[in-house]
>>> print(open('target.txt').read())   # compact mmCIF, C-alpha atoms
# COMPACT_ATOMS: atom_id res chain seq x y z
CA MET A 106 0.00 0.00 0.00
CA SER A 107 1.36 3.41 -0.93
CA ARG A 108 2.06 5.80 1.90
CA PRO A 109 1.53 9.57 1.91
CA PRO A 110 4.72 11.62 1.96
CA LEU A 111 6.11 12.57 5.35
CA LEU A 112 7.77 15.97 5.73
CA VAL A 113 10.16 15.99 8.68
CA PHE A 114 11.57 19.13 10.27
CA GLY A 115 14.68 18.51 12.37
CA PRO A 116 15.71 15.31 10.56
CA ARG A 117 19.51 15.48 10.76
CA ASN A 118 19.88 13.95 14.20
CA GLY A 119 18.05 12.71 17.25
CA VAL A 120 14.40 11.78 17.02
CA GLY A 121 14.05 13.43 13.61
CA PHE A 122 16.72 11.25 12.04
CA GLU A 123 15.38 8.11 13.72
CA LEU A 124 11.91 8.92 12.40
CA ALA A 125 13.13 9.58 8.86
CA ALA A 126 15.14 6.33 8.85
CA LEU A 127 12.26 4.25 10.20
CA ALA A 128 9.75 5.78 7.81
CA ARG A 129 12.00 5.01 4.85
CA MET A 130 12.45 1.45 6.13
CA HIS A 131 8.68 1.06 6.02
CA GLY A 132 8.37 2.49 2.53
CA TRP A 133 7.23 6.02 3.30
CA PRO A 134 8.38 8.80 0.96
CA VAL A 135 10.24 11.21 3.23
CA ILE A 136 10.97 14.88 2.62
CA ALA A 137 13.72 16.06 4.95
CA ALA A 138 13.81 19.81 5.62
CA VAL A 139 17.34 20.83 6.64
CA ARG A 140 19.11 24.12 7.26
CA PRO A 141 20.72 25.65 4.16
CA GLY A 142 24.23 24.29 3.75
CA ALA A 143 23.76 21.49 6.28
CA ASP A 144 25.27 18.09 5.54
CA ALA A 145 22.38 15.87 4.43
CA THR A 146 24.48 12.95 3.19
CA GLU A 147 23.03 10.41 5.60
CA LEU A 148 19.48 11.48 4.77
CA GLU A 149 20.19 11.15 1.07
CA LYS A 150 21.56 7.65 1.69
CA LEU A 151 18.23 6.76 3.26
CA GLY A 152 16.46 7.86 0.08
CA CYS A 153 14.98 11.03 1.52
CA ARG A 154 14.20 13.98 -0.70
CA VAL A 155 16.19 16.79 0.89
CA MET A 156 14.92 20.37 0.85
CA GLU A 157 16.53 23.38 2.49
CA ALA A 158 14.70 25.57 4.98
CA ASP A 159 15.82 27.70 7.89
CA ALA A 160 13.18 27.18 10.57
CA LEU A 161 13.77 30.73 11.81
CA ASP A 162 13.09 32.16 8.34
CA ALA A 163 9.36 31.84 7.68
CA PRO A 164 9.54 32.44 3.89
CA SER A 165 11.98 29.56 3.45
CA VAL A 166 9.70 27.29 5.47
CA ARG A 167 6.71 28.28 3.35
CA ALA A 168 8.71 27.53 0.22
CA VAL A 169 9.06 23.89 1.32
CA PHE A 170 5.29 23.50 1.40
CA GLN A 171 4.71 24.88 -2.08
CA ASP A 172 3.65 22.23 -4.58
CA LEU A 173 3.52 19.45 -2.00
CA PRO A 174 0.53 17.09 -2.31
CA SER A 175 -2.46 17.73 -0.10
CA ASP A 176 -2.05 14.39 1.68
CA VAL A 177 1.42 15.26 3.01
CA MET A 178 1.91 14.63 6.71
CA VAL A 179 4.26 16.80 8.75
CA ALA A 180 6.32 15.88 11.79
CA SER A 181 8.24 18.57 13.66
CA THR A 182 11.02 17.45 15.97
CA LEU A 183 12.53 20.94 16.10
CA GLY A 184 14.19 22.14 19.27
CA ASP A 185 17.25 23.81 20.74
CA ARG A 186 18.82 24.56 24.10
CA ASN A 187 17.29 28.01 24.57
CA GLY A 188 13.80 27.42 23.18
CA VAL A 189 13.99 29.82 20.23
CA VAL A 190 13.54 27.11 17.61
CA ASP A 191 10.97 25.35 19.79
CA ASP A 192 8.89 28.53 19.66
CA GLU A 193 9.69 30.51 16.51
CA GLY A 194 10.70 27.54 14.37
CA ASN A 195 7.62 25.52 15.18
CA ARG A 196 5.48 28.61 14.71
CA ALA A 197 6.84 28.99 11.17
CA VAL A 198 6.11 25.32 10.41
CA ILE A 199 2.61 25.47 11.86
CA ASP A 200 1.74 28.70 10.06
CA ALA A 201 3.04 27.40 6.72
CA ALA A 202 1.15 24.14 7.14
CA THR A 203 -2.00 26.10 7.92
CA GLU A 204 -1.54 28.34 4.89
CA TYR A 205 -0.86 25.59 2.37
CA GLY A 206 -2.86 22.79 3.97
CA THR A 207 -1.63 19.43 5.17
CA ALA A 208 -3.29 16.19 6.10
CA ARG A 209 -1.83 16.28 9.58
CA LEU A 210 0.85 17.84 11.75
CA LEU A 211 2.55 15.92 14.54
CA LEU A 212 4.56 17.90 17.07
CA ILE A 213 7.18 16.39 19.35
CA SER A 214 7.01 18.42 22.56
CA SER A 215 8.09 17.33 26.05
CA LEU A 216 6.79 16.22 29.40
CA GLY A 217 6.71 19.37 31.50
CA ALA A 218 5.08 21.40 28.72
CA GLY A 219 1.52 22.64 28.88
CA GLU A 220 -0.68 21.23 31.63
CA SER A 221 1.96 18.66 32.53
CA ARG A 222 4.26 21.41 33.87
CA ARG A 223 2.68 21.19 37.33
CA TYR A 224 3.94 17.62 37.57
CA ALA A 225 7.50 18.43 36.46
CA SER A 226 10.33 18.12 38.95
CA GLU A 227 12.18 21.17 40.24
CA ARG A 228 15.32 19.74 38.65
CA LEU A 229 13.68 19.60 35.23
CA LEU A 230 12.24 23.10 35.52
CA ALA A 231 15.61 24.47 36.61
CA ALA A 232 17.34 22.80 33.66
CA ILE A 233 14.94 23.57 30.80
CA GLY A 234 12.10 25.64 32.20
CA ASP A 235 12.34 28.28 29.45
CA VAL A 236 12.39 25.59 26.77
CA LEU A 237 9.23 24.08 28.25
CA HIS A 238 7.53 27.48 28.07
CA ALA A 239 8.52 27.68 24.38
CA LYS A 240 7.16 24.21 23.71
CA THR A 241 3.94 25.16 25.47
CA ARG A 242 3.51 28.12 23.13
CA ALA A 243 4.09 25.88 20.12
CA GLU A 244 1.50 23.40 21.38
CA ALA A 245 -1.05 26.18 21.85
CA ARG A 246 -0.44 27.55 18.38
CA LEU A 247 -0.91 24.12 16.83
CA ARG A 248 -4.18 23.51 18.68
CA ALA A 249 -5.47 26.91 17.55
CA SER A 250 -4.44 26.37 13.92
CA GLY A 251 -7.38 24.19 12.95
CA LEU A 252 -5.02 21.57 11.53
CA PRO A 253 -5.51 17.88 12.30
CA PHE A 254 -2.81 17.44 14.93
CA THR A 255 -1.17 15.10 17.38
CA ILE A 256 1.16 16.25 20.15
CA ILE A 257 3.56 13.79 21.75
CA ARG A 258 5.33 14.71 24.99
CA PRO A 259 8.22 12.32 25.59
CA GLY A 260 9.94 11.89 28.89
CA GLY A 261 13.70 12.25 29.08
CA LEU A 262 15.34 11.20 25.84
CA VAL A 263 18.15 8.66 25.96
CA ASP A 264 20.30 6.89 23.40
CA GLY A 265 19.78 3.26 22.51
CA ALA A 266 17.79 0.97 20.28
CA ALA A 267 14.02 0.75 20.14
CA THR A 268 12.73 -1.61 22.82
CA GLY A 269 9.17 -2.23 21.65
CA THR A 270 7.94 -1.44 25.17
CA GLY A 271 7.29 2.29 24.83
CA LYS A 272 3.84 3.58 25.71
CA LEU A 273 1.63 6.50 24.73
CA VAL A 274 -0.56 7.51 27.65
CA ASP A 275 -3.11 10.25 28.31
CA ALA A 276 -1.79 10.92 31.82
CA GLU A 277 -0.30 14.40 32.30
CA ASP A 278 1.55 13.21 35.40
CA ALA A 279 3.55 10.55 33.54
CA HIS A 280 7.25 10.34 34.36
CA GLY A 281 10.12 8.41 32.88
CA SER A 282 12.46 8.19 29.92
CA ILE A 283 12.39 6.81 26.41
CA SER A 284 14.99 6.21 23.72
CA ARG A 285 14.90 8.36 20.63
CA ALA A 286 14.54 5.25 18.47
CA GLU A 287 11.55 4.02 20.49
CA LEU A 288 9.95 7.46 20.34
CA ALA A 289 10.36 7.43 16.56
CA ALA A 290 8.61 4.05 16.43
CA LEU A 291 5.70 5.36 18.50
CA THR A 292 5.52 8.49 16.35
CA LEU A 293 5.31 6.53 13.11
CA ARG A 294 2.65 4.32 14.66
CA THR A 295 0.45 7.31 15.42
CA LEU A 296 0.72 8.53 11.83
CA ARG A 297 -0.66 5.26 10.50
CA THR A 298 -4.09 5.82 12.01
CA ASP A 299 -6.57 8.62 12.68
CA THR A 300 -7.04 7.39 16.25
CA PHE A 301 -4.56 9.89 17.66
CA ILE A 302 -5.76 13.01 15.85
CA GLY A 303 -6.61 15.82 18.24
CA ARG A 304 -4.83 14.19 21.15
CA THR A 305 -1.90 15.14 23.39
CA LEU A 306 -0.06 12.09 24.65
CA SER A 307 2.84 11.37 26.98
CA ALA A 308 5.52 8.95 25.75
CA ILE A 309 7.47 6.85 28.24
CA ASP A 310 9.17 3.47 28.27
CA PRO A 311 9.24 1.16 31.32
CA ALA A 312 12.54 -0.19 30.01
CA HIS A 313 14.14 3.11 31.03
CA GLU A 314 13.29 3.67 34.65
CA GLN A 315 15.52 6.62 35.47
CA PRO A 316 14.28 10.10 34.45
CA HIS A 317 16.63 12.08 32.26
CA PRO A 318 16.32 15.89 32.05
CA ARG A 319 17.67 16.41 28.54
CA ILE A 320 15.37 17.02 25.61
>>> encode(input="target.txt", output="structure tokens")
Amino acid sequence: MSRPPLLVFGPRNGVGFELAALARMHGWPVIAAVRPGADATELEKLGCRVMEADALDAPSVRAVFQDLPSDVMVASTLGDRNGVVDDEGNRAVIDAATEYGTARLLLISSLGAGESRRYASERLLAAIGDVLHAKTRAEARLRASGLPFTIIRPGGLVDGAATGTGKLVDAEDAHGSISRAELAALTLRTLRTDTFIGRTLSAIDPAHEQPHPRI
């Protein structure tokens, strides 16, 4: 069965790269949006169509959406250490997707964003509190956009292979960690069905018991 194209923002490393690789493995056409001049060799090896876009330059983000088919799905794994890309970059992606239309937009956020902030540890808030505020603003903008959306809030991200034991739960007070590869597997799973449209879910993995503060 043919798959709709998947447009991934933030595909050069981390969850974005894991998602692009897994989608290609399962036969999805993948469009990888990378910063101008960035090394996209590994993405090209996967068979991704590489397009350049600076997430902090809204016109270049809009240009990526031009002439894409209406059934394109979008996954944003954008983020940085100070929250600028989490906020402004995701805003540019959401606004462009709203303008040009897309079948769906999936946003990778974080536990501690939105309503789940009241359950976040003091250690987490001290480490990335500003980033969580930025992710909260991105979540709110996506919900207000009118786009079909899914928001996934992973726990602490760790390295390692997919375990097959990751979970998506509705609980805002979820705690734990999850590998980037396992998060990518859960993300792709949500895109295969309409069941998760309009939902905000926490992603954790019992195989990783220790919380990890890095996003």
>>> closest_residue(input="target.txt", among="A:Gly142, A:Gly217, A:Pro134, A:Gly265", to="Gly119 of chain A", atoms="only C-alpha atoms")
A:Gly265
>>> residues_around(input="target.txt", residues="segment 167-182 of chain A", least_positions_apart="3", cutoff="10 Å", atoms="all atoms listed in the file", output="short mmCIF file (atom, residue, chain, number, x, y, z; two decimals) with C-alpha atoms, in the coordinates of the input")
data_model
loop_
_atom_site.label_atom_id
_atom_site.label_comp_id
_atom_site.auth_asym_id
_atom_site.auth_seq_id
_atom_site.Cartn_x
_atom_site.Cartn_y
_atom_site.Cartn_z
CA ARG A 108 2.06 5.80 1.90
CA PRO A 109 1.53 9.57 1.91
CA PRO A 110 4.72 11.62 1.96
CA LEU A 111 6.11 12.57 5.35
CA LEU A 112 7.77 15.97 5.73
CA VAL A 113 10.16 15.99 8.68
CA PHE A 114 11.57 19.13 10.27
CA GLY A 115 14.68 18.51 12.37
CA PRO A 116 15.71 15.31 10.56
CA ASN A 118 19.88 13.95 14.20
CA GLY A 119 18.05 12.71 17.25
CA VAL A 120 14.40 11.78 17.02
CA GLY A 121 14.05 13.43 13.61
CA PHE A 122 16.72 11.25 12.04
CA LEU A 124 11.91 8.92 12.40
CA ALA A 125 13.13 9.58 8.86
CA PRO A 134 8.38 8.80 0.96
CA VAL A 135 10.24 11.21 3.23
CA ILE A 136 10.97 14.88 2.62
CA ALA A 137 13.72 16.06 4.95
CA ALA A 138 13.81 19.81 5.62
CA MET A 156 14.92 20.37 0.85
CA GLU A 157 16.53 23.38 2.49
CA ALA A 158 14.70 25.57 4.98
CA ALA A 160 13.18 27.18 10.57
CA ASP A 162 13.09 32.16 8.34
CA ALA A 163 9.36 31.84 7.68
CA PRO A 164 9.54 32.44 3.89
CA ASP A 191 10.97 25.35 19.79
CA GLY A 194 10.70 27.54 14.37
CA ASN A 195 7.62 25.52 15.18
CA ALA A 197 6.84 28.99 11.17
CA VAL A 198 6.11 25.32 10.41
CA ILE A 199 2.61 25.47 11.86
CA ASP A 200 1.74 28.70 10.06
CA ALA A 201 3.04 27.40 6.72
CA ALA A 202 1.15 24.14 7.14
CA GLU A 204 -1.54 28.34 4.89
CA TYR A 205 -0.86 25.59 2.37
CA GLY A 206 -2.86 22.79 3.97
CA THR A 207 -1.63 19.43 5.17
CA ALA A 208 -3.29 16.19 6.10
CA ARG A 209 -1.83 16.28 9.58
CA LEU A 210 0.85 17.84 11.75
CA LEU A 211 2.55 15.92 14.54
CA LEU A 212 4.56 17.90 17.07
CA ILE A 213 7.18 16.39 19.35
CA SER A 214 7.01 18.42 22.56
CA PRO A 253 -5.51 17.88 12.30
CA PHE A 254 -2.81 17.44 14.93
CA THR A 255 -1.17 15.10 17.38
CA ILE A 256 1.16 16.25 20.15
CA THR A 292 5.52 8.49 16.35
CA LEU A 293 5.31 6.53 13.11
CA LEU A 296 0.72 8.53 11.83
#
>>> closest_residue(input="target.txt", among="A:Asp185, A:Glu149, A:Asp310, A:Glu220", to="Gly269 of chain A", atoms="only C-alpha atoms")
A:Asp310
>>> closest_residue(input="target.txt", among="A:Val190, A:Gly219, A:Ala286, A:Pro311", to="Arg242 of chain A", atoms="only C-alpha atoms")
A:Gly219
>>> closest_residue(input="target.txt", among="A:Lys272, A:His238, A:Arg117, A:His313", to="Asn187 of chain A", atoms="all atoms listed in the file")
A:His238
>>> atom_distance(input="target.txt", atom1="atom CA of Ser282 of chain A", atom2="atom CA of Ile302 of chain A")
23.5 Å
>>> residues_around(input="target.txt", residues="segment 305-309 of chain A", least_positions_apart="2", cutoff="6 Å", atoms="only C-alpha atoms", output="list in words")
Ile256, Ile257, Arg258, Pro259, Gly260, Gly271, Lys272, Leu273, Val274, Asp275, Gly281, Ser282 and Ile283 of chain A
>>> atom_distance(input="target.txt", atom1="atom CA of Ile233 of chain A", atom2="atom CA of Leu216 of chain A")
11.1 Å
